[in-house]
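model_28.cif follows (mmCIF, C-alpha atoms):
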data_my_file
loop_
_atom_site.label_atom_id
_atom_site.label_comp_id
_atom_site.auth_asym_id
_atom_site.auth_seq_id
_atom_site.Cartn_x
_atom_site.Cartn_y
_atom_site.Cartn_z
CA MET V 1 -15.16 -40.73 -64.89
CA GLN V 2 -14.96 -37.24 -63.69
CA SER V 3 -11.62 -35.66 -63.06
CA PRO V 4 -11.22 -33.97 -59.67
CA THR V 5 -11.85 -30.28 -59.88
CA VAL V 6 -8.86 -28.17 -59.05
CA PRO V 7 -9.75 -24.78 -57.59
CA GLN V 8 -8.67 -22.17 -59.98
CA LYS V 9 -6.92 -19.17 -58.51
CA THR V 10 -8.43 -16.08 -59.92
CA PRO V 11 -6.24 -13.04 -60.43
CA GLY V 12 -8.49 -11.22 -57.92
CA SER V 13 -7.79 -13.66 -55.03
CA ARG V 14 -4.05 -13.63 -55.74
CA PHE V 15 -4.23 -9.86 -55.64
CA HIS V 16 -6.10 -10.07 -52.32
CA ALA V 17 -3.55 -12.45 -50.77
CA GLY V 18 -0.79 -10.15 -51.83
CA TYR V 19 -2.46 -7.31 -50.00
CA VAL V 20 -2.78 -9.41 -46.83
CA VAL V 21 0.89 -10.38 -46.95
CA ALA V 22 1.89 -6.80 -47.66
CA ALA V 23 -0.12 -5.62 -44.67
CA ALA V 24 0.97 -8.46 -42.36
CA VAL V 25 4.72 -8.03 -42.82
CA PRO V 26 4.92 -4.41 -41.64
CA LEU V 27 2.32 -5.17 -38.98
CA PHE V 28 4.45 -7.97 -37.55
CA PHE V 29 7.49 -5.75 -37.83
CA LEU V 30 5.64 -2.97 -36.03
CA LEU V 31 4.43 -5.36 -33.35
CA GLY V 32 8.00 -6.60 -32.93
CA VAL V 33 9.31 -3.06 -32.57
CA VAL V 34 6.56 -2.16 -30.10
CA GLY V 35 7.22 -5.40 -28.19
CA VAL V 36 10.96 -4.84 -27.98
CA THR V 37 10.75 -1.13 -27.15
CA GLY V 38 8.08 -2.03 -24.59
CA TYR V 39 10.84 -3.56 -22.48
CA PHE V 40 12.28 -0.07 -22.09
CA ARG V 41 9.06 1.89 -21.63
CA LEU V 42 7.49 2.41 -18.25
CA GLY V 43 3.77 2.10 -17.61
CA SER V 44 1.44 5.06 -17.17
CA GLU V 45 1.40 5.12 -13.35
CA THR V 46 5.16 4.86 -13.01
CA THR V 47 5.59 7.51 -15.70
CA ALA V 48 3.12 9.80 -13.93
CA LEU V 49 5.02 9.38 -10.68
CA ARG V 50 8.34 10.09 -12.39
CA GLU V 51 6.97 13.11 -14.25
CA SER V 52 5.44 14.55 -11.10
CA LEU V 53 8.80 14.44 -9.33
CA MET V 54 10.71 15.77 -12.30
CA ASP V 55 8.25 18.66 -12.61
CA SER V 56 8.79 19.55 -8.94
CA VAL V 57 12.57 19.48 -9.14
CA ALA V 58 14.49 21.94 -11.27
CA GLY V 59 17.48 20.52 -13.09
CA GLN V 60 18.56 18.25 -15.86
CA TRP V 61 17.67 14.58 -15.61
CA THR V 62 19.33 11.66 -17.33
CA LYS V 63 17.98 8.16 -17.58
CA THR V 64 20.24 5.45 -16.22
CA ILE V 65 17.92 2.56 -16.96
CA ALA V 66 14.26 1.80 -17.52
CA VAL V 67 13.09 -1.80 -17.79
CA HIS V 68 9.58 -3.14 -18.07
CA VAL V 69 8.58 -6.79 -17.94
CA GLY V 70 4.93 -7.33 -18.81
CA TRP V 71 2.40 -10.15 -18.70
CA PHE V 72 3.74 -11.76 -21.89
CA THR V 73 7.30 -12.13 -20.59
CA THR V 74 6.21 -13.17 -17.11
CA SER V 75 3.85 -15.75 -18.66
CA LEU V 76 6.74 -17.09 -20.74
CA VAL V 77 8.95 -17.26 -17.65
CA ARG V 78 6.19 -19.04 -15.72
CA ALA V 79 5.65 -21.52 -18.55
CA GLY V 80 9.41 -22.10 -18.85
CA SER V 81 9.82 -22.55 -15.13
CA ARG V 82 7.35 -25.45 -15.22
CA LEU V 83 9.87 -27.40 -17.25
CA VAL V 84 12.53 -26.90 -14.61
CA LYS V 85 12.55 -28.48 -11.19
CA LEU V 86 12.30 -25.68 -8.66
CA ASP V 87 11.72 -25.43 -4.93
CA PRO V 88 8.20 -24.35 -4.00
CA GLU V 89 9.30 -20.92 -2.73
CA PRO V 90 11.01 -19.62 -5.89
CA ARG V 91 8.25 -21.19 -7.96
CA ALA V 92 5.63 -19.35 -5.91
CA ALA V 93 7.56 -16.10 -6.37
CA LEU V 94 7.64 -16.63 -10.15
CA GLU V 95 3.95 -17.52 -10.16
CA ALA V 96 3.16 -14.37 -8.19
CA VAL V 97 4.78 -11.78 -10.47
CA ARG V 98 2.55 -10.63 -13.33
CA ALA V 99 4.43 -7.49 -14.32
CA ALA V 100 7.24 -5.37 -12.97
CA GLU V 101 9.15 -2.31 -14.03
CA VAL V 102 11.85 -0.06 -12.72
CA GLY V 103 13.38 3.21 -13.83
CA VAL V 104 16.49 4.89 -12.46
CA TYR V 105 17.21 8.55 -13.19
CA LYS V 106 19.92 10.98 -12.12
CA LEU V 107 19.67 14.67 -11.46
CA ARG V 108 22.78 16.08 -13.11
CA GLU V 109 22.50 19.75 -12.32
CA GLY V 110 20.64 22.05 -10.02
CA PRO V 111 20.34 22.39 -6.28
CA VAL V 112 19.37 19.43 -4.14
CA PRO V 113 15.62 19.80 -3.58
CA GLU V 114 14.58 20.05 0.05
CA ASP V 115 10.86 20.70 -0.21
CA HIS V 116 9.67 17.14 0.04
CA GLY V 117 6.19 18.37 0.90
CA ALA V 118 5.79 19.92 -2.56
CA ILE V 119 7.13 16.78 -4.22
CA LEU V 120 4.72 14.55 -2.29
CA GLY V 121 1.82 16.92 -2.93
CA ARG V 122 2.36 16.89 -6.67
CA ALA V 123 2.87 13.13 -6.76
CA ASP V 124 -0.28 12.59 -4.68
CA LYS V 125 -2.31 14.68 -7.12
CA ALA V 126 -0.93 12.90 -10.17
CA MET V 127 -1.63 9.49 -8.69
CA ALA V 128 -5.04 10.43 -7.29
CA ARG V 129 -6.15 11.31 -10.82
CA ARG V 130 -5.46 7.67 -11.68
CA GLY V 131 -7.29 6.35 -8.63
CA TRP V 132 -4.17 5.62 -6.60
CA VAL V 133 -3.57 6.61 -3.01
CA ARG V 134 -0.37 7.00 -1.03
CA VAL V 135 -0.09 4.34 1.65
CA VAL V 136 3.39 5.23 2.87
CA GLY V 137 5.39 8.42 2.79
CA VAL V 138 8.72 8.74 4.56
CA SER V 139 11.09 11.67 4.47
CA HIS V 140 14.33 11.91 6.35
CA ASP V 141 17.36 14.04 5.55
CA ARG V 142 17.55 14.04 1.77
CA GLU V 143 15.69 10.80 1.32
CA LEU V 144 12.11 10.51 0.28
CA VAL V 145 10.10 7.33 -0.15
CA ALA V 146 6.50 7.10 -1.29
CA VAL V 147 4.43 3.98 -1.93
CA TYR V 148 1.13 4.11 -3.79
CA MET V 149 -1.63 1.57 -4.25
CA PRO V 150 -4.95 1.62 -6.08
CA ARG V 151 -7.80 3.00 -4.02
CA LYS V 152 -10.12 0.19 -5.11
CA GLY V 153 -10.06 -3.27 -6.60
CA MET V 154 -7.25 -4.70 -4.51
CA SER V 155 -7.20 -8.36 -3.66
CA LEU V 156 -4.68 -11.14 -3.15
CA ARG V 157 -5.18 -12.08 -6.81
CA ASN V 158 -4.70 -8.59 -8.09
CA MET V 159 -2.12 -6.67 -6.13
CA LYS V 160 -0.51 -3.55 -7.55
CA CYS V 161 1.90 -1.07 -6.09
CA CYS V 162 4.02 1.77 -7.29
CA LEU V 163 6.92 3.34 -5.44
CA MET V 164 9.31 6.21 -5.66
CA VAL V 165 12.64 6.61 -3.88
CA PHE V 166 14.54 9.86 -4.18
CA ASN V 167 17.76 10.77 -2.40
CA GLY V 168 18.24 14.27 -3.75
CA ARG V 169 20.27 13.19 -6.77
CA GLU V 170 18.97 9.80 -7.81
CA LEU V 171 15.40 8.80 -8.46
CA VAL V 172 14.10 5.25 -8.57
CA VAL V 173 10.53 4.62 -9.66
CA ALA V 174 9.18 1.10 -9.75
CA SER V 175 5.92 -0.73 -9.92
CA ALA V 176 4.79 -4.31 -9.71
CA ARG V 177 1.62 -6.23 -10.29
CA GLY V 178 1.05 -9.70 -9.01
CA ASN V 179 -1.12 -12.47 -7.75
CA LEU V 180 -0.15 -13.11 -4.15
CA GLU V 181 -2.20 -16.29 -3.84
CA PRO V 182 0.71 -18.66 -4.61
CA LEU V 183 2.86 -16.84 -2.05
CA TRP V 184 0.02 -16.90 0.42
CA ALA V 185 -0.39 -20.65 -0.10
CA ILE V 186 3.33 -21.16 0.54
CA ALA V 187 3.18 -18.96 3.63
CA GLY V 188 0.17 -20.95 4.81
CA THR V 189 2.00 -24.25 4.34
CA HIS V 190 4.99 -22.95 6.30
CA LEU V 191 2.77 -21.61 9.05
CA GLU V 192 0.92 -24.90 9.20
CA SER V 193 4.09 -26.98 9.32
CA GLY V 194 5.49 -24.62 11.95
CA PHE V 195 2.25 -24.93 13.88
CA ASN V 196 2.29 -28.72 13.67
CA ARG V 197 5.95 -28.82 14.65
CA ARG V 198 5.33 -26.65 17.69
CA ARG V 199 2.29 -28.73 18.61
CA LEU V 200 4.36 -31.90 18.29
CA VAL V 201 7.13 -30.51 20.48
CA ALA V 202 4.57 -29.26 22.98
CA CYS V 203 2.99 -32.75 23.09
CA ALA V 204 6.42 -34.26 23.53
CA SER V 205 7.22 -31.99 26.44
CA LEU V 206 3.94 -32.96 28.08
CA GLY V 207 4.31 -36.68 27.46
CA PRO V 208 7.92 -37.84 27.55
CA GLY V 209 7.03 -41.15 25.93
CA LEU V 210 5.84 -39.59 22.70
CA PRO V 211 8.25 -40.23 19.86
CA ILE V 212 9.59 -37.17 18.06
CA PRO V 213 10.84 -37.48 14.49
CA ARG V 214 14.59 -37.02 14.22
CA GLU V 215 14.33 -33.85 12.10
CA GLN V 216 12.07 -32.25 14.68
CA ARG V 217 14.18 -32.95 17.75
CA GLY V 218 16.26 -29.80 17.69
CA VAL V 219 13.32 -27.55 17.08
CA ARG V 220 11.70 -25.56 19.79
CA MET U 1 -42.20 14.80 -24.75
CA LYS U 2 -39.52 12.55 -26.26
CA CYS U 3 -36.88 14.88 -24.83
CA LEU U 4 -38.52 14.65 -21.40
CA THR U 5 -38.55 10.83 -21.43
CA LEU U 6 -34.83 10.89 -22.17
CA CYS U 7 -33.93 13.68 -19.76
CA VAL U 8 -35.74 12.37 -16.67
CA PRO U 9 -33.99 8.96 -16.49
CA GLY U 10 -30.72 10.71 -17.35
CA ALA U 11 -31.17 13.17 -14.49
CA VAL U 12 -32.09 10.35 -12.12
CA ILE U 13 -28.99 8.36 -13.09
CA LEU U 14 -26.78 11.46 -12.73
CA ALA U 15 -28.27 12.35 -9.34
CA SER U 16 -27.95 8.80 -8.02
CA SER U 17 -24.35 8.53 -9.20
CA LEU U 18 -23.53 11.85 -7.51
CA ALA U 19 -25.23 10.67 -4.34
CA TRP U 20 -23.26 7.42 -4.52
CA ASN U 21 -20.02 9.36 -4.90
CA VAL U 22 -20.86 11.59 -1.94
CA TRP U 23 -21.72 8.52 0.14
CA ALA U 24 -18.57 6.72 -0.97
CA GLU U 25 -16.37 9.71 -0.05
CA SER U 26 -18.09 10.42 3.28
CA PRO U 27 -15.87 9.68 6.27
CA LEU U 28 -16.38 6.58 8.40
CA PRO U 29 -17.88 7.05 11.90
CA GLY U 30 -14.53 6.85 13.72
CA GLN U 31 -12.55 8.70 11.08
CA VAL U 32 -10.87 12.02 11.87
CA ASP U 33 -9.42 14.39 9.34
CA PHE U 34 -6.13 15.70 10.70
CA GLY U 35 -5.49 17.71 7.54
CA VAL U 36 -2.47 17.51 5.31
CA PHE U 37 0.96 17.21 6.86
CA ALA U 38 4.10 18.28 5.09
CA PRO U 39 7.61 17.04 5.81
CA PRO U 40 9.49 19.55 7.94
CA GLY U 41 12.26 21.48 6.25
CA GLY U 42 15.91 20.77 6.98
CA GLY U 43 15.56 17.01 6.61
CA GLY U 44 13.44 16.47 9.70
CA GLU U 45 11.64 13.21 10.29
CA PHE U 46 8.37 12.56 8.51
CA VAL U 47 6.42 9.31 8.37
CA GLU U 48 2.94 8.88 6.99
CA VAL U 49 1.12 5.57 6.80
CA ASN U 50 -2.37 5.23 5.42
CA LEU U 51 -3.72 1.69 5.32
CA THR U 52 -7.16 0.97 3.94
CA SER U 53 -9.46 -1.93 4.81
CA SER U 54 -8.48 -4.00 1.76
CA LEU U 55 -4.82 -4.01 2.79
CA ILE U 56 -5.63 -4.68 6.42
CA SER U 57 -7.92 -7.58 5.57
CA MET U 58 -5.14 -9.03 3.39
CA ALA U 59 -2.81 -8.85 6.40
CA ALA U 60 -5.52 -10.58 8.43
CA ARG U 61 -5.73 -13.41 5.91
CA PHE U 62 -2.00 -14.01 6.29
CA VAL U 63 -2.26 -14.67 10.01
CA GLU U 64 -5.75 -16.12 10.35
CA LYS U 65 -4.56 -19.73 10.56
CA GLU U 66 -1.85 -19.35 13.13
CA GLU U 67 -3.13 -16.43 15.13
CA PRO U 68 -6.90 -16.22 14.81
CA GLU U 69 -7.16 -13.64 17.60
CA VAL U 70 -4.80 -11.29 15.76
CA ALA U 71 -6.74 -11.89 12.54
CA GLN U 72 -9.93 -11.02 14.39
CA LEU U 73 -8.34 -7.82 15.66
CA LEU U 74 -7.20 -6.87 12.15
CA ASN U 75 -10.59 -7.72 10.64
CA GLY U 76 -12.20 -5.28 13.02
CA VAL U 77 -10.05 -2.43 11.75
CA GLN U 78 -11.09 -0.45 8.67
CA LEU U 79 -8.46 2.23 8.45
CA VAL U 80 -5.10 3.03 9.99
CA HIS U 81 -3.68 6.49 9.63
CA VAL U 82 -0.35 7.38 11.25
CA ASN U 83 1.53 10.65 10.98
CA VAL U 84 4.85 11.39 12.61
CA VAL U 85 6.22 14.85 11.97
CA GLY U 86 9.56 16.05 13.28
CA LEU U 87 9.26 19.37 15.09
CA ASN U 88 11.32 22.43 14.29
CA ASP U 89 10.96 26.18 14.80
CA ALA U 90 9.04 26.53 11.56
CA ASN U 91 6.27 24.01 12.24
CA ARG U 92 6.07 23.70 16.03
CA SER U 93 3.49 26.36 16.73
CA GLU U 94 1.34 25.36 13.75
CA LEU U 95 1.27 21.72 14.86
CA GLU U 96 0.54 22.67 18.46
CA LYS U 97 -2.36 24.80 17.29
CA ARG U 98 -3.60 22.03 15.05
CA SER U 99 -3.37 19.49 17.86
CA GLU U 100 -5.34 21.83 20.12
CA LYS U 101 -7.98 22.36 17.45
CA ILE U 102 -8.40 18.63 16.90
CA ARG U 103 -8.72 18.06 20.66
CA LYS U 104 -11.51 20.62 20.84
CA GLU U 105 -13.25 19.09 17.85
CA LEU U 106 -13.07 15.62 19.36
CA ASP U 107 -14.44 16.89 22.69
CA GLY U 108 -17.28 18.55 20.82
CA LYS U 109 -18.11 15.50 18.72
CA GLY U 110 -18.61 13.12 21.61
CA TRP U 111 -15.23 11.45 21.66
CA GLU U 112 -14.24 10.20 25.08
CA ARG U 113 -10.85 11.29 26.38
CA ILE U 114 -9.51 8.20 28.08
CA VAL U 115 -5.91 9.27 28.63
CA SER U 116 -4.55 12.74 29.00
CA VAL U 117 -1.02 13.20 30.24
CA GLN U 118 0.86 16.47 30.37
CA GLN U 119 4.27 16.22 31.93
CA GLN U 120 7.42 18.20 31.23
CA GLU U 121 7.32 18.72 27.49
CA GLN U 122 5.16 15.71 26.68
CA ASN U 123 1.51 15.99 25.91
CA VAL U 124 -0.40 12.76 25.25
CA GLY U 125 -4.08 12.44 24.48
CA VAL U 126 -5.97 9.24 23.73
CA TYR U 127 -9.57 9.50 22.55
CA LEU U 128 -12.13 6.82 21.91
CA LYS U 129 -15.33 6.95 19.92
CA THR U 130 -17.84 4.36 21.00
CA LEU U 131 -21.24 3.43 19.63
CA ASN U 132 -22.35 1.69 22.79
CA LYS U 133 -20.53 0.19 25.76
CA ASP U 134 -18.97 -2.64 23.77
CA THR U 135 -18.43 -1.25 20.29
CA VAL U 136 -15.50 1.01 19.56
CA GLN U 137 -15.79 2.97 16.33
CA GLY U 138 -12.47 4.72 16.35
CA LEU U 139 -9.38 5.71 18.26
CA VAL U 140 -7.26 8.83 18.13
CA VAL U 141 -3.86 9.27 19.73
CA MET U 142 -2.04 12.56 19.67
CA VAL U 143 1.39 13.13 21.11
CA MET U 144 3.43 16.30 21.19
CA ASP U 145 6.83 15.09 22.28
CA GLY U 146 8.64 18.23 23.34
CA ASN U 147 10.97 19.44 20.65
CA LYS U 148 11.21 16.07 18.95
CA GLN U 149 8.05 15.11 17.13
CA ALA U 150 4.30 15.27 16.83
CA VAL U 151 2.36 12.04 16.39
CA PHE U 152 -1.19 11.81 15.11
CA VAL U 153 -2.86 8.41 14.91
CA ASN U 154 -6.39 7.57 13.85
CA ILE U 155 -7.61 4.00 13.75
CA VAL U 156 -11.12 3.38 12.50
CA GLY U 157 -12.79 0.23 13.72
CA ASP U 158 -13.09 -1.88 16.80
CA ILE U 159 -9.75 -1.32 18.51
CA LYS U 160 -8.87 -0.92 22.15
CA PRO U 161 -5.87 1.23 23.14
CA ASP U 162 -4.11 -1.75 24.72
CA LYS U 163 -4.05 -3.45 21.30
CA LEU U 164 -2.14 -0.63 19.58
CA ALA U 165 1.24 -2.29 20.05
CA VAL U 166 -0.04 -5.60 18.61
CA LEU U 167 -1.51 -3.76 15.64
CA GLY U 168 1.75 -1.85 15.07
CA GLU U 169 3.71 -5.07 15.28
CA ARG U 170 1.47 -6.97 12.88
CA LEU U 171 1.23 -4.17 10.33
CA HIS U 172 4.93 -3.34 10.72
CA ILE U 173 4.25 0.26 11.68
CA ASP U 174 7.06 1.13 14.04
CA PRO U 175 5.66 4.43 15.35
CA LEU U 176 2.41 2.66 16.21
CA LYS U 177 4.29 -0.05 18.05
CA LYS U 178 6.21 2.50 20.12
CA LEU U 179 3.08 4.50 20.70
CA GLY U 180 1.25 1.39 21.89
CA HIS U 181 3.84 0.83 24.59
CA ALA U 182 3.85 4.54 25.53
CA THR U 183 0.05 4.60 25.74
CA GLN U 184 0.04 1.54 27.96
CA LYS U 185 2.55 3.21 30.27
CA ALA U 186 0.51 6.43 30.28
CA GLU U 187 -2.65 4.48 31.05
CA GLU U 188 -0.95 2.63 33.89
CA GLY U 189 0.40 5.92 35.24
CA ALA U 190 -3.06 7.51 35.06
CA GLU U 191 -4.61 4.52 36.84
CA LYS U 192 -2.05 4.74 39.66
CA LYS U 193 -2.85 8.43 40.16
#
Spit out the file's structure as C-alpha cells when you get a sec.
Amino acid sequence: MQSPTVPQKTPGSRFHAGYVVAAAVPLFFLLGVVGVTGYFRLGSETTALRESLMDSVAGQWTKTIAVHVGWFTTSLVRAGSRLVKLDPEPRAALEAVRAAEVGVYKLREGPVPEDHGAILGRADKAMARRGWVRVVGVSHDRELVAVYMPRKGMSLRNMKCCLMVFNGRELVVASARGNLEPLWAIAGTHLESGFNRRRLVACASLGPGLPIPREQRGVR
Amino acid sequence: MKCLTLCVPGAVILASSLAWNVWAESPLPGQVDFGVFAPPGGGGEFVEVNLTSSLISMAARFVEKEEPEVAQLLNGVQLVHVNVVGLNDANRSELEKRSEKIRKELDGKGWERIVSVQQQEQNVGVYLKTLNKDTVQGLVVMVMDGNKQAVFVNIVGDIKPDKLAVLGERLHIDPLKKLGHATQKAEEGAEKK
C-alpha cells in the first residue's frame, strides 16, 4: 500500500510566497490610501476648471471642501439600495448617478474680479483641450456660472457635465457622470400615466356614463 | 523602396485624418459665426447658450411619447446658439458694428430677411436660410434693444420663426422664449403694414 504523497514545500517556494505577501501588504495599504484620499481629490476636468479660474483671479484661495464619489462607491450604494425598499423615483436617481464630485473654495484676499470675459475665455480654453465645450455661460453682477459638456460621445447612458459657479469670493466646481436611462424610464412612466389619466378624464367628459376610478376623479 | 512603402500609406492616413478633421469642424449650412462675446463690465447681463444636436435629441426623446410634434420639431434642430449681452457705453458701438456686419454678411450669403423692424431704439432682424421652398436650413435673429441688450440667436435646422417660443419653452431658454413672442409680434406688425 502506498502512502499518500504529501507535497513538500521547498525553501524556494516559501521564499517566493514570502515575497508575494511582502509585496501585497504595502500594495493593499497603498490602494487603501489611494482609495480613501480619492474621496477628497477632484477629477481632471473639475481640477482644470478650478485651476483655470484660480489662474485668472489674483489672490489667496483656501479649500473649504472637496469630495469625490466614484464608480466604486456609487456601485456599492446601488447594490445596497437593492436590499432596501425604495420608491421608484429615488431608486432611479440612485441608479442614474455613476460619479459625482464637488469642490468649494474661498478667495481670502485680493480684489473682487470683474473681468468675467477673461475667466470664461481661460476656462473655455482649458476645457476645449479636453474635448469639452461650454453649453451655458451666465454672468450677472458678481456672479458667474458656466456649464460644460463633452463635445462628443454624449448619450442618455453616458451623460457628463461639469460646472463652475463663482460669486466673486466663493467658487464652487462640480461634475457628475450618469446614466439617465433609469430616470428617463421613470419620466416615461409618469408621462404615460398622466397621458392615460387625461385620456380617461377626456373620455369621461365626453361620455357621462363612463366610470372613473375614485383616485382619478379629482384630476383634470 | 521599403521607406516608400511605409511613407505612402502613412501620408495617406495623415491626409485623410486631416481632411476628416477639416470636414468635422466645417460649419453646418445654416450656421453663422457671430464671433466671441464677452460679458460686459460693471456686472451687466450676459447669457450664452450653446446646445449641440446630441443634447437636443436627448430633449426630444424626453417628450416624444407625450408630444410627438414637439419631438419632431426638436429632432429637426441641430444647433441652438443664443447670446444676450447687456449694453453699456463700452460695448454698445462695437456690438452695433458687429450686428451691422453680420447683417451684411447674411444678405450677401443668400439669407432671406423675413422681418426687419426699426422703431424707436429697437432694431429687430429675422433671417432665414432655405434650401428650397420647404426646407429651412437655419434661422438668425438679431435684436438691438436700445440701451438694454443685444440678442444674437442662430438656430441650425428646420425651424420656422413662429416655433421659436415653443423651442425656448422646451429647451428652457428664457431669452429664446421671450424672443419668440417678440418675433411673432414683429411679424404680425409687419404683416399689418
CA of Tyr19 in chain V sits from CA of Gly38 in chain V at a separation of 28.0 Å
Expand the PyMOL selection byres ((chain U) within 6 of (chain V)) into the explicit residue set it covers here, and present it as a compact mmCIF listing (two decimals) with C-alpha atoms, in the frame of the given file.
# COMPACT_ATOMS: atom_id res chain seq x y z
CA ALA U 38 4.10 18.28 5.09
CA PRO U 39 7.61 17.04 5.81
CA GLY U 43 15.56 17.01 6.61
CA GLY U 44 13.44 16.47 9.70
CA GLU U 45 11.64 13.21 10.29
CA PHE U 46 8.37 12.56 8.51
CA VAL U 47 6.42 9.31 8.37
CA GLU U 48 2.94 8.88 6.99
CA VAL U 49 1.12 5.57 6.80
CA ASN U 50 -2.37 5.23 5.42
CA LEU U 51 -3.72 1.69 5.32
Residues within 10 Å of (-8.4, 6.3, 19.9), file coords, only C-alpha atoms, listed as a ChimeraX atom specification: /U:30,111-115,125-130,136-142,153-161,164
Can you list, as a PDB file with C-alpha atoms, keeping the file's coordinate frame, every protein, DNA or RNA residue that comes within 10 Å of Asn75 in chain U when you count only C-alpha atoms, leaving out same-chain residues fewer than 4 positions away?
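Result went into part-v7.pdb, see below:
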ATOM      1  CA  SER U  53      -9.460  -1.930   4.810  1.00  0.00           C
ATOM      2  CA  SER U  54      -8.480  -4.000   1.760  1.00  0.00           C
ATOM      3  CA  ILE U  56      -5.630  -4.680   6.420  1.00  0.00           C
ATOM      4  CA  SER U  57      -7.920  -7.580   5.570  1.00  0.00           C
ATOM      5  CA  MET U  58      -5.140  -9.030   3.390  1.00  0.00           C
ATOM      6  CA  ALA U  59      -2.810  -8.850   6.400  1.00  0.00           C
ATOM      7  CA  ALA U  60      -5.520 -10.580   8.430  1.00  0.00           C
ATOM      8  CA  ARG U  61      -5.730 -13.410   5.910  1.00  0.00           C
ATOM      9  CA  GLU U  64      -5.750 -16.120  10.350  1.00  0.00           C
ATOM     10  CA  GLU U  69      -7.160 -13.640  17.600  1.00  0.00           C
ATOM     11  CA  VAL U  70      -4.800 -11.290  15.760  1.00  0.00           C
ATOM     12  CA  ALA U  71      -6.740 -11.890  12.540  1.00  0.00           C
ATOM     13  CA  GLY U 157     -12.790   0.230  13.720  1.00  0.00           C
ATOM     14  CA  ASP U 158     -13.090  -1.880  16.800  1.00  0.00           C
TER      15      ASP U 158
END
Computed gap from CA of Ile173 in chain U to CA of Phe37 in chain U is 17.9 Å
| field | Counting all atoms listed in the file, the residue of U:Phe34, U:Pro175, U:Ala165, U:Phe62 that sits nearest Lys101 in chain U | value |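 Selected residue with least distance to Lys101 in chain U: U:Phe34.
Of the listed residues (U:Ser26, U:Asn123, U:Thr135, U:Asn88), U:Asn88 comes nearest to Asn147 in chain U; the distances count all atoms listed in the file.
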- Message: Once the PyMOL selection byres ((chain V and resi 92) around 10) is applied to the coordinates I shared, what remains selected? I want it as a ChimeraX atom specification.
- Response: /V:78,86-91,93-97,179-187
CA of Gln72 in chain U to CA of Leu167 in chain U measures 11.2 Å
Requested in this report: Using only C-alpha atoms, determine which residues lie at most 10 Å from Lys177 in chain U, disregarding the query and same-chain residues fewer than 4 positions distant; provide the list as JSON, numbers by chain.
Outcome: {"U": [163, 164, 165, 166, 167, 168, 169, 170, 171, 172, 173, 181, 182, 183]}
- Please write the residues picked by the PyMOL selection byres ((chain V and resi 47) around 12) on this file as a PyMOL selection string. chain V and resi 40-46+48-55+66+68+101-105+123+126-127+130+162-164+172-175
Polymer residues at most 6 Å from Ala176 in chain V, only C-alpha atoms, same-chain spacing of 5 or more positions, as number ranges by chain: V: 99-100, 160-161
